[in-house]
file run36.tsv (TSV, C-alpha atoms and all ligand atoms)
chain	number	residue	atom	x	y	z
F	251	MET	CA	-39.87	41.72	21.33
F	252	GLN	CA	-39.95	43.00	17.72
F	253	ILE	CA	-36.16	43.32	17.63
F	254	ASN	CA	-35.91	39.74	18.81
F	255	LYS	CA	-38.20	38.58	16.01
F	256	LYS	CA	-36.12	40.52	13.48
F	257	ALA	CA	-32.93	39.09	14.91
F	258	ILE	CA	-34.36	35.59	14.65
F	259	LYS	CA	-35.37	36.24	11.02
F	260	ILE	CA	-31.88	37.52	10.10
F	261	THR	CA	-30.25	34.62	11.90
F	262	ALA	CA	-32.50	32.19	10.04
F	263	ILE	CA	-31.63	33.79	6.68
F	264	ILE	CA	-27.90	33.69	7.47
F	265	LEU	CA	-28.18	30.08	8.57
F	266	ALA	CA	-30.07	29.15	5.39
F	267	CYS	CA	-27.36	30.84	3.30
F	268	VAL	CA	-24.59	29.02	5.18
F	269	ILE	CA	-26.36	25.69	4.72
F	270	PHE	CA	-26.94	26.42	1.01
F	271	VAL	CA	-23.32	27.41	0.37
F	272	THR	CA	-21.96	24.46	2.37
F	273	ALA	CA	-24.25	22.01	0.57
F	274	SER	CA	-23.23	23.48	-2.80
F	275	VAL	CA	-19.53	23.15	-2.00
F	276	PHE	CA	-19.99	19.55	-0.83
F	277	ALA	CA	-22.14	18.74	-3.88
F	278	PHE	CA	-19.47	20.26	-6.13
F	279	MET	CA	-16.77	18.21	-4.40
F	280	GLY	CA	-18.91	15.14	-4.89
F	281	ILE	CA	-19.34	15.90	-8.58
F	282	ALA	CA	-15.61	16.61	-8.89
F	283	HIS	CA	-14.83	13.19	-7.40
F	284	ALA	CA	-17.50	11.50	-9.49
F	285	VAL	CA	-16.09	13.06	-12.66
F	286	LYS	CA	-12.54	12.06	-11.76
F	287	ILE	CA	-13.63	8.54	-10.86
F	288	GLY	CA	-15.66	8.23	-14.07
F	289	ASN	CA	-12.75	9.39	-16.19
F	290	ILE	CA	-10.22	6.77	-15.14
F	291	PRO	CA	-9.08	5.18	-18.39
F	292	GLU	CA	-9.03	1.42	-18.76
F	293	VAL	CA	-5.62	-0.17	-19.03
F	294	GLU	CA	-4.95	-1.95	-22.30
F	295	TYR	CA	-2.01	-4.28	-22.24
F	296	ASN	CA	-1.13	-6.70	-25.01
F	297	GLY	CA	2.41	-7.43	-23.98
F	298	GLU	CA	4.17	-10.36	-22.46
F	299	LYS	CA	2.96	-12.06	-19.29
F	300	LEU	CA	5.31	-11.16	-16.44
F	301	ASN	CA	5.74	-11.84	-12.74
F	302	VAL	CA	4.74	-8.78	-10.73
F	303	ILE	CA	6.18	-7.48	-7.47
F	304	LEU	CA	4.23	-4.51	-6.12
F	305	MET	CA	5.99	-2.57	-3.35
F	306	ILE	CA	4.12	-0.04	-1.22
F	307	GLY	CA	5.74	2.47	1.12
F	308	ASP	CA	2.85	3.38	3.40
F	309	GLY	CA	2.66	7.17	3.69
F	310	MET	CA	5.70	7.86	1.49
F	311	GLY	CA	5.43	11.09	-0.48
F	312	PHE	CA	7.96	12.83	-2.73
F	313	ASN	CA	9.27	14.92	0.16
F	314	HIS	CA	9.94	11.86	2.33
F	315	ILE	CA	12.24	10.68	-0.44
F	316	LYS	CA	13.91	14.11	-0.74
F	317	ALA	CA	14.49	14.26	3.02
F	318	ALA	CA	15.91	10.71	3.00
F	319	VAL	CA	18.25	11.65	0.13
F	320	SER	CA	19.39	14.69	2.11
F	321	ARG	CA	20.42	12.39	4.97
F	322	TYR	CA	21.59	9.22	3.25
F	323	GLY	CA	22.55	10.33	-0.26
F	324	GLU	CA	20.98	9.04	-3.47
F	325	LEU	CA	18.44	6.27	-3.08
F	326	PHE	CA	18.25	3.25	-5.35
F	327	MET	CA	14.54	3.68	-6.16
F	328	THR	CA	15.04	7.05	-7.87
F	329	SER	CA	17.33	5.36	-10.44
F	330	ALA	CA	14.31	3.78	-12.14
F	331	GLN	CA	14.04	4.57	-15.86
F	332	THR	CA	10.25	4.77	-15.65
F	333	LYS	CA	8.74	7.02	-13.00
F	334	GLY	CA	5.91	9.41	-12.34
F	335	GLU	CA	3.08	10.32	-9.98
F	336	VAL	CA	0.05	8.50	-8.63
F	337	THR	CA	-3.23	10.11	-7.53
F	338	THR	CA	-4.56	8.65	-4.29
F	339	PHE	CA	-8.07	10.02	-3.63
F	340	SER	CA	-10.76	7.61	-2.43
F	341	ARG	CA	-14.55	7.98	-2.39
F	342	TYR	CA	-14.23	9.96	0.83
F	343	LEU	CA	-15.31	13.44	-0.24
F	344	PHE	CA	-13.91	15.63	2.49
F	345	GLY	CA	-10.26	14.71	2.73
F	346	ALA	CA	-7.51	12.24	2.07
F	347	THR	CA	-7.79	8.52	1.54
F	348	ASP	CA	-7.00	6.08	4.33
F	349	SER	CA	-4.78	3.03	3.84
F	350	ALA	CA	-7.75	0.67	3.48
F	351	ALA	CA	-9.36	2.48	0.53
F	352	ALA	CA	-5.95	3.11	-1.05
F	353	ALA	CA	-4.98	-0.57	-0.73
F	354	THR	CA	-8.33	-1.56	-2.23
F	355	ALA	CA	-7.69	0.75	-5.20
F	356	LEU	CA	-4.13	-0.57	-5.68
F	357	ALA	CA	-5.25	-4.20	-5.28
F	358	THR	CA	-8.61	-4.29	-7.08
F	359	GLY	CA	-8.69	-1.23	-9.36
F	360	VAL	CA	-11.84	0.04	-7.65
F	361	LYS	CA	-12.27	3.25	-5.65
F	362	THR	CA	-14.05	2.71	-2.36
F	363	ASP	CA	-15.01	4.51	0.84
F	364	ASN	CA	-12.40	4.90	3.55
F	365	GLY	CA	-12.29	1.94	5.93
F	366	ASN	CA	-13.34	-0.59	3.27
F	367	VAL	CA	-11.04	-3.47	2.48
F	368	GLY	CA	-11.33	-5.21	-0.89
F	369	GLN	CA	-14.90	-4.18	-1.48
F	370	TYR	CA	-17.19	-1.34	-2.55
F	371	LEU	CA	-20.77	-0.88	-1.30
F	372	GLY	CA	-20.74	-4.39	0.18
F	373	LYS	CA	-19.62	-6.01	-3.08
F	374	GLU	CA	-16.35	-7.94	-3.01
F	375	LYS	CA	-13.85	-6.88	-5.68
F	376	GLN	CA	-11.20	-9.23	-7.06
F	377	SER	CA	-7.66	-8.36	-6.02
F	378	THR	CA	-4.57	-9.00	-8.13
F	379	THR	CA	-3.57	-11.60	-5.54
F	380	GLU	CA	-6.84	-13.49	-6.01
F	381	LEU	CA	-6.53	-13.33	-9.79
F	382	ALA	CA	-3.00	-14.73	-9.51
F	383	VAL	CA	-4.20	-17.59	-7.25
F	384	SER	CA	-6.98	-18.41	-9.74
F	385	LEU	CA	-4.37	-18.61	-12.52
F	386	GLY	CA	-2.27	-21.11	-10.56
F	387	MET	CA	0.46	-18.57	-9.83
F	388	SER	CA	2.33	-18.38	-6.53
F	389	THR	CA	1.47	-15.46	-4.27
F	390	ALA	CA	2.90	-13.71	-1.20
F	391	ILE	CA	2.00	-10.85	1.11
F	392	LEU	CA	4.76	-9.23	3.19
F	393	ALA	CA	4.50	-6.26	5.56
F	394	THR	CA	6.58	-4.80	8.37
F	395	GLU	CA	3.40	-4.50	10.46
F	396	GLY	CA	0.95	-7.35	11.13
F	397	VAL	CA	-0.67	-8.77	8.01
F	398	ASP	CA	-4.03	-7.66	9.42
F	399	GLY	CA	-2.99	-4.07	8.64
F	400	ALA	CA	-5.09	-2.21	6.09
F	401	THR	CA	-2.57	-2.51	3.24
F	402	PRO	CA	-1.91	-6.28	3.37
F	403	ALA	CA	-5.62	-6.81	4.10
F	404	GLY	CA	-6.58	-4.93	0.91
F	405	PHE	CA	-4.69	-7.59	-1.06
F	406	SER	CA	-6.07	-10.61	0.79
F	407	ALA	CA	-9.48	-9.93	2.38
F	408	HIS	CA	-12.92	-8.37	1.93
F	409	THR	CA	-14.71	-6.46	4.68
F	410	ASN	CA	-16.37	-3.12	5.21
F	411	SER	CA	-14.12	-2.35	8.18
F	412	ARG	CA	-10.35	-2.40	8.43
F	413	ASN	CA	-10.87	-2.98	12.17
F	414	ASP	CA	-12.56	-6.34	11.50
F	415	ILE	CA	-9.28	-8.14	12.08
F	416	ASP	CA	-10.93	-11.52	12.78
F	417	GLY	CA	-12.82	-11.36	9.49
F	418	ILE	CA	-9.60	-10.34	7.73
F	419	LEU	CA	-7.75	-13.36	9.18
F	420	ASP	CA	-10.59	-15.72	8.19
F	421	ASP	CA	-10.44	-14.45	4.61
F	422	GLN	CA	-6.65	-14.73	4.54
F	423	LEU	CA	-6.70	-18.31	5.83
F	424	ALA	CA	-9.20	-19.25	3.08
F	425	SER	CA	-7.34	-17.33	0.36
F	426	ASN	CA	-4.86	-19.98	-0.86
F	427	ILE	CA	-2.16	-17.29	-0.81
F	428	ASP	CA	1.15	-19.14	-0.31
F	429	VAL	CA	3.01	-16.81	2.05
F	430	PHE	CA	2.00	-14.29	4.72
F	431	ILE	CA	4.82	-12.59	6.63
F	432	GLY	CA	4.56	-9.67	9.05
F	433	SER	CA	5.06	-8.64	12.67
F	434	ASN	CA	2.53	-8.19	15.54
F	435	ILE	CA	3.47	-11.45	17.23
F	436	GLU	CA	1.34	-10.51	20.29
F	437	ARG	CA	-1.79	-11.13	18.24
F	438	TYR	CA	-0.77	-14.12	16.20
F	439	SER	CA	0.98	-16.35	18.74
F	440	SER	CA	-2.38	-17.08	20.39
F	441	LEU	CA	-3.91	-17.87	16.99
F	442	SER	CA	-1.27	-20.37	15.86
F	443	GLU	CA	-3.59	-23.35	16.30
F	444	LYS	CA	-6.31	-21.78	14.16
F	445	ILE	CA	-3.73	-20.84	11.50
F	446	GLU	CA	-2.28	-24.38	11.42
F	447	LYS	CA	-5.76	-25.90	11.22
F	448	ALA	CA	-6.37	-23.87	8.06
F	449	GLY	CA	-3.38	-25.52	6.40
F	450	TYR	CA	-0.67	-22.95	7.06
F	451	SER	CA	2.58	-23.70	8.87
F	452	PHE	CA	2.98	-21.03	11.54
F	453	PHE	CA	6.35	-19.53	12.45
F	454	ASP	CA	7.29	-16.90	14.98
F	455	SER	CA	11.06	-16.83	14.67
F	456	MET	CA	13.73	-16.83	11.99
F	457	SER	CA	15.41	-19.90	13.45
F	458	THR	CA	12.31	-22.02	12.86
F	459	LEU	CA	11.10	-20.42	9.60
F	460	ASP	CA	10.89	-23.18	6.99
F	461	MET	CA	9.99	-21.87	3.56
F	462	THR	CA	9.84	-25.38	2.10
F	463	LYS	CA	6.45	-25.84	3.77
F	464	ASP	CA	3.49	-25.68	1.40
F	465	LYS	CA	1.85	-22.63	2.96
F	466	VAL	CA	3.67	-20.26	5.32
F	467	PHE	CA	2.24	-17.83	7.88
F	468	ALA	CA	4.99	-16.04	9.82
F	469	SER	CA	4.68	-13.38	12.46
F	470	PHE	CA	7.83	-11.89	14.00
F	471	GLU	CA	8.34	-9.83	17.09
F	472	GLU	CA	10.18	-7.28	15.03
F	473	ILE	CA	11.37	-6.77	11.47
F	474	PRO	CA	14.40	-4.52	12.10
F	475	LEU	CA	15.55	-1.68	9.89
F	476	GLU	CA	19.09	-2.93	9.56
F	477	ASP	CA	20.79	-6.28	9.52
F	478	GLN	CA	21.15	-7.64	13.06
F	479	GLY	CA	22.31	-11.11	12.11
F	480	ASP	CA	20.32	-14.18	11.16
F	481	ALA	CA	18.08	-14.18	14.23
F	482	LYS	CA	16.28	-10.96	13.20
F	483	PRO	CA	15.53	-10.74	9.49
F	484	THR	CA	15.08	-7.46	7.67
F	485	LEU	CA	12.26	-7.00	5.16
F	486	ALA	CA	14.86	-7.45	2.41
F	487	ASP	CA	15.97	-10.83	3.89
F	488	LEU	CA	12.35	-12.00	4.10
F	489	ALA	CA	11.58	-10.82	0.57
F	490	ILE	CA	14.52	-12.81	-0.84
F	491	LYS	CA	13.56	-15.94	1.12
F	492	THR	CA	10.02	-15.61	-0.22
F	493	LEU	CA	11.22	-15.08	-3.79
F	494	ASP	CA	13.33	-18.26	-3.53
F	495	LYS	CA	10.10	-20.10	-2.75
F	496	ILE	CA	7.60	-18.54	-5.16
F	497	SER	CA	9.81	-17.95	-8.21
F	498	VAL	CA	10.06	-21.68	-9.01
F	499	ASN	CA	6.42	-21.79	-10.13
F	500	GLU	CA	6.38	-22.01	-13.95
F	501	LYS	CA	3.04	-20.22	-14.03
F	502	GLY	CA	4.63	-17.18	-12.38
F	503	PHE	CA	4.02	-15.21	-9.21
F	504	PHE	CA	2.61	-12.04	-7.67
F	505	MET	CA	4.01	-10.54	-4.48
F	506	MET	CA	3.00	-7.46	-2.50
F	507	ILE	CA	5.53	-5.99	-0.07
F	508	GLU	CA	4.69	-3.15	2.29
F	509	GLU	CA	7.02	-0.99	4.37
F	510	SER	CA	4.35	-0.05	6.89
F	511	HIS	CA	6.17	2.31	9.21
F	512	ILE	CA	6.85	5.47	7.15
F	513	ASP	CA	3.18	6.24	7.77
F	514	LYS	CA	3.27	5.52	11.49
F	515	CYS	CA	6.33	7.72	12.09
F	516	SER	CA	4.82	10.49	9.98
F	517	HIS	CA	1.56	10.49	11.98
F	518	ASN	CA	3.83	11.21	14.96
F	519	ASN	CA	5.76	13.84	12.97
F	520	ASP	CA	8.91	11.81	13.64
F	521	LEU	CA	11.02	12.68	10.60
F	522	ASP	CA	14.15	10.78	11.68
F	523	GLY	CA	12.07	7.61	12.11
F	524	ALA	CA	10.20	8.10	8.83
F	525	ILE	CA	13.32	8.54	6.71
F	526	MET	CA	15.08	5.61	8.43
F	527	HIS	CA	12.18	3.50	7.18
F	528	VAL	CA	12.40	5.09	3.71
F	529	LYS	CA	16.06	3.99	3.67
F	530	ALA	CA	15.16	0.46	4.84
F	531	TYR	CA	12.43	0.34	2.19
F	532	ASP	CA	14.98	1.42	-0.41
F	533	ASN	CA	17.36	-1.36	0.69
F	534	THR	CA	14.51	-3.85	0.21
F	535	ILE	CA	13.69	-2.41	-3.23
F	536	LYS	CA	17.33	-2.77	-4.31
F	537	ALA	CA	17.51	-6.40	-3.14
F	538	VAL	CA	14.19	-7.25	-4.80
F	539	VAL	CA	15.04	-5.51	-8.12
F	540	GLU	CA	18.43	-7.26	-8.28
F	541	TYR	CA	16.67	-10.60	-7.72
F	542	ALA	CA	14.06	-9.77	-10.37
F	543	GLN	CA	16.81	-8.91	-12.87
F	544	LYS	CA	18.53	-12.20	-12.12
F	545	ILE	CA	15.45	-14.34	-12.81
F	546	GLY	CA	14.10	-12.14	-15.64
F	547	ASN	CA	10.48	-11.81	-16.81
F	548	THR	CA	9.60	-9.83	-13.70
F	549	ILE	CA	8.55	-6.22	-13.16
F	550	VAL	CA	8.82	-4.39	-9.87
F	551	ILE	CA	6.42	-1.49	-9.32
F	552	VAL	CA	7.29	0.73	-6.36
F	553	THR	CA	4.77	3.23	-5.03
F	554	ALA	CA	2.94	4.49	-1.93
F	555	ASP	CA	-0.69	4.38	-0.87
F	556	HIS	CA	-0.84	8.06	0.15
F	557	GLU	CA	1.32	10.79	1.66
F	558	THR	CA	1.31	11.20	5.44
F	559	GLY	CA	2.09	14.35	7.37
F	560	GLY	CA	1.97	16.98	4.60
F	561	LEU	CA	5.77	16.98	4.74
F	562	GLN	CA	7.40	20.09	3.27
F	563	TYR	CA	10.94	20.07	1.91
F	564	ASN	CA	12.78	23.21	0.85
F	565	GLY	CA	16.32	22.00	0.28
F	566	GLU	CA	17.12	21.38	3.96
F	567	LYS	CA	20.55	19.82	4.49
F	568	ASP	CA	20.93	16.76	6.73
F	569	SER	CA	21.60	18.87	9.85
F	570	GLU	CA	18.58	21.09	9.08
F	571	LEU	CA	16.02	18.29	8.81
F	572	ASN	CA	13.46	18.67	11.60
F	573	ASN	CA	9.98	17.63	12.65
F	574	SER	CA	8.45	21.05	11.99
F	575	MET	CA	8.73	20.27	8.28
F	576	TYR	CA	5.50	18.32	8.83
F	577	THR	CA	2.32	20.38	8.39
F	578	LEU	CA	-0.20	17.65	9.34
F	579	THR	CA	-0.48	14.65	11.66
F	580	SER	CA	-2.88	13.00	9.19
F	581	HIS	CA	-2.76	11.87	5.57
F	582	SER	CA	-2.62	14.53	2.84
F	583	THR	CA	-4.10	14.50	-0.66
F	584	ALA	CA	-0.69	14.93	-2.33
F	585	ASN	CA	0.21	12.69	-5.24
F	586	VAL	CA	2.77	9.98	-4.46
F	587	PRO	CA	5.62	8.65	-6.59
F	588	TYR	CA	5.83	5.52	-8.69
F	589	PHE	CA	8.96	3.81	-10.00
F	590	VAL	CA	9.02	0.84	-12.38
F	591	PHE	CA	11.91	-1.60	-12.81
F	592	GLY	CA	12.04	-4.28	-15.50
F	593	ASN	CA	11.24	-4.53	-19.18
F	594	ILE	CA	7.58	-3.98	-19.89
F	595	ASP	CA	6.01	-3.07	-23.19
F	596	TYR	CA	3.64	-0.44	-21.82
F	597	GLU	CA	3.54	3.32	-22.05
F	598	PHE	CA	3.22	4.67	-18.51
F	599	ALA	CA	1.39	7.97	-18.08
F	600	LYS	CA	3.31	10.65	-16.19
F	601	VAL	CA	0.39	10.80	-13.74
F	602	MET	CA	-1.50	7.57	-13.08
F	603	ASP	CA	-4.45	6.92	-10.84
F	604	ASN	CA	-3.91	4.29	-8.15
F	605	THR	CA	-6.66	2.13	-9.70
F	606	GLN	CA	-4.66	1.99	-12.95
F	607	ILE	CA	-1.80	0.29	-11.12
F	608	ALA	CA	-4.14	-2.55	-10.12
F	609	ARG	CA	-5.56	-2.77	-13.64
F	610	LEU	CA	-2.08	-2.90	-15.10
F	611	CYS	CA	-0.93	-5.60	-12.63
F	612	GLN	CA	-4.02	-7.66	-13.44
F	613	ALA	CA	-3.62	-7.17	-17.19
F	614	VAL	CA	0.03	-8.20	-17.01
F	615	ILE	CA	-0.44	-11.38	-14.97
F	616	GLY	CA	-3.62	-12.27	-16.82
F	617	ALA	CA	-2.19	-11.59	-20.27
F	618	SER	CA	-2.69	-14.69	-22.42
F	619	VAL	CA	0.69	-14.82	-24.12
F	701	ZN	ZN	-1.86	6.45	8.14

call {"tool": "encode", "arguments": {"input": "run36.tsv", "output": "structure tokens"}}
result
Amino acid sequence: MQINKKAIKITAIILACVIFVTASVFAFMGIAHAVKIGNIPEVEYNGEKLNVILMIGDGMGFNHIKAAVSRYGELFMTSAQTKGEVTTFSRYLFGATDSAAAATALATGVKTDNGNVGQYLGKEKQSTTELAVSLGMSTAILATEGVDGATPAGFSAHTNSRNDIDGILDDQLASNIDVFIGSNIERYSSLSEKIEKAGYSFFDSMSTLDMTKDKVFASFEEIPLEDQGDAKPTLADLAIKTLDKISVNEKGFFMMIEESHIDKCSHNNDLDGAIMHVKAYDNTIKAVVEYAQKIGNTIVIVTADHETGGLQYNGEKDSELNNSMYTLTSHSTANVPYFVFGNIDYEFAKVMDNTQIARLCQAVIGASV
């Protein structure tokens, strides 16, 4: 009986210690995040007003690029004169950001809790897309997944749950954004009437896609990795068609383009799939940068929302690339790359926070020059 009491006492003391240590660690992590979040410098930009194209490779870390280079040879994106790293942490204290919080940071310049889209603690935050609309600029959101995905939603909606896809659509239809293009036709074909009622022309195939319509909402069965002829457009084809439409606006434009599938393949530890999408993303970047150079006055910022899979790369040759180079099936906290194309009078830090990208985009398109 006495031994039992003693055992209970010792157990209680051990438990109290464990709770104390755990709470201290969590509190410290919280403070660490709070300090980091508090220290994000404001972006000051007094340069020329430019069109902005922001390109996001969902889940693409540095090692995804290295593995893709090992298979396909040099990629276009790495030729950028200006490049560096982006920190991706959200307000989630115990691990990596999700795509919703990362998109919110990249779109609004505000850190939020995982799952939140375009808002923090119930308060809606203005995205670069919304700022562009309010300035009379043309705007477009492109993704290889459905535009109700967390990344496109972060640039066009406000909700506390990325799963609130009806709320996301309602916000998008009221957004005055000129172009939405993505996949997930299974969802959108039954919503075509609602979309048309809101003033968007709805398209579900390349043969009917008419970019001369005032507002365009397109959902394709598939956006293939490589050219398969006119019937199935690649992301690069769709980006160029969209640029033809939005670049005629004298007030300028903002476009967000997401390659959504590097993340999805990496969750499955499918390295071949992931780097095929890195290559397709790179093809899109090249086409978009060449277009931007042709029209001038346009910067293209290429980045990722977070790294997925904790991919390791130790100089593996093409034939040595394999799925066991992944160490996680979830997102990691690793920094991701950024690449900037175009002339911009701004000194980029070697390591930027993801919120600074939003602040810079907003400063650039809002600059009163
Ligand atoms: Zn993911």

call {"tool": "closest_residue", "arguments": {"input": "run36.tsv", "among": "F:Ser425, F:Ser433, F:Thr338, F:Asn313", "to": "Ser384 (chain F)", "atoms": "all atoms listed in the file"}}
result
F:Ser425

call {"tool": "atom_distance", "arguments": {"input": "run36.tsv", "atom1": "CA of Met456 (chain F)", "atom2": "CA of Val552 (chain F)"}}
result
26.2 Å

call {"tool": "residues_around", "arguments": {"input": "run36.tsv", "residues": "Glu294 (chain F)", "least_positions_apart": "6", "cutoff": "12 Å", "atoms": "all atoms listed in the file", "output": "list in words"}}
result
Asp595, Tyr596, Glu597, Phe598, Gln606, Ile607, Arg609, Leu610, Cys611, Gln612, Ala613, Val614, Gly616 and Ala617 of chain F

call {"tool": "closest_atom_pairs", "arguments": {"input": "run36.tsv", "of": "chain F", "to": "ligand ZN 701 (chain F)", "cutoff": "7 Å", "atoms": "only C-alpha atoms and all ligand atoms", "output": "Markdown table"}}
result
| residue | atom | partner | partner_atom | distance |
| --- | --- | --- | --- | --- |
| F:Gly309 | CA | F:ZN701 | ZN | 6.4 |
| F:Asp348 | CA | F:ZN701 | ZN | 6.4 |
| F:Ser349 | CA | F:ZN701 | ZN | 6.2 |
| F:Asp513 | CA | F:ZN701 | ZN | 5.1 |
| F:Lys514 | CA | F:ZN701 | ZN | 6.2 |
| F:His517 | CA | F:ZN701 | ZN | 6.5 |
| F:Thr558 | CA | F:ZN701 | ZN | 6.3 |
| F:Ser580 | CA | F:ZN701 | ZN | 6.7 |
| F:His581 | CA | F:ZN701 | ZN | 6.1 |

call {"tool": "closest_atom_pairs", "arguments": {"input": "run36.tsv", "of": "region 310-429 of chain F", "to": "region 519-542 of chain F", "cutoff": "8 Å", "atoms": "all atoms listed in the file", "output": "Markdown table"}}
result
| residue | atom | partner | partner_atom | distance |
| --- | --- | --- | --- | --- |
| F:Met310 | CA | F:Val528 | CA | 7.6 |
| F:His314 | CA | F:Ile525 | CA | 6.5 |
| F:Ile315 | CA | F:Val528 | CA | 7.0 |
| F:Ala317 | CA | F:Ile525 | CA | 6.9 |
| F:Ala318 | CA | F:Ile525 | CA | 5.0 |
| F:Tyr322 | CA | F:Lys529 | CA | 7.6 |
| F:Leu325 | CA | F:Asp532 | CA | 6.5 |
| F:Phe326 | CA | F:Lys536 | CA | 6.2 |
| F:Met327 | CA | F:Asp532 | CA | 6.2 |

call {"tool": "closest_residue", "arguments": {"input": "run36.tsv", "among": "F:Ser574, F:Asn364, F:Thr394, F:Asn593", "to": "Ser516 (chain F)", "atoms": "only C-alpha atoms"}}
result
F:Ser574

call {"tool": "closest_residue", "arguments": {"input": "run36.tsv", "among": "F:Ala448, F:Leu300, F:Val360, F:Ile473", "to": "Glu500 (chain F)", "atoms": "only C-alpha atoms"}}
result
F:Leu300

call {"tool": "closest_residue", "arguments": {"input": "run36.tsv", "among": "F:Ile545, F:Ala468, F:Met387, F:Ala599", "to": "Val293 (chain F)", "atoms": "all atoms listed in the file"}}
result
F:Ala599

call {"tool": "atom_distance", "arguments": {"input": "run36.tsv", "atom1": "CA of Ser377 (chain F)", "atom2": "CA of Thr354 (chain F)"}}
result
7.8 Å

call {"tool": "residues_near_point", "arguments": {"input": "run36.tsv", "point": "(-2.9, 9.9, -3.2)", "cutoff": "8 Å", "atoms": "only C-alpha atoms", "output": "PyMOL selection string"}}
result
chain F and resi 336-339+346-347+352+555-557+582-586+604
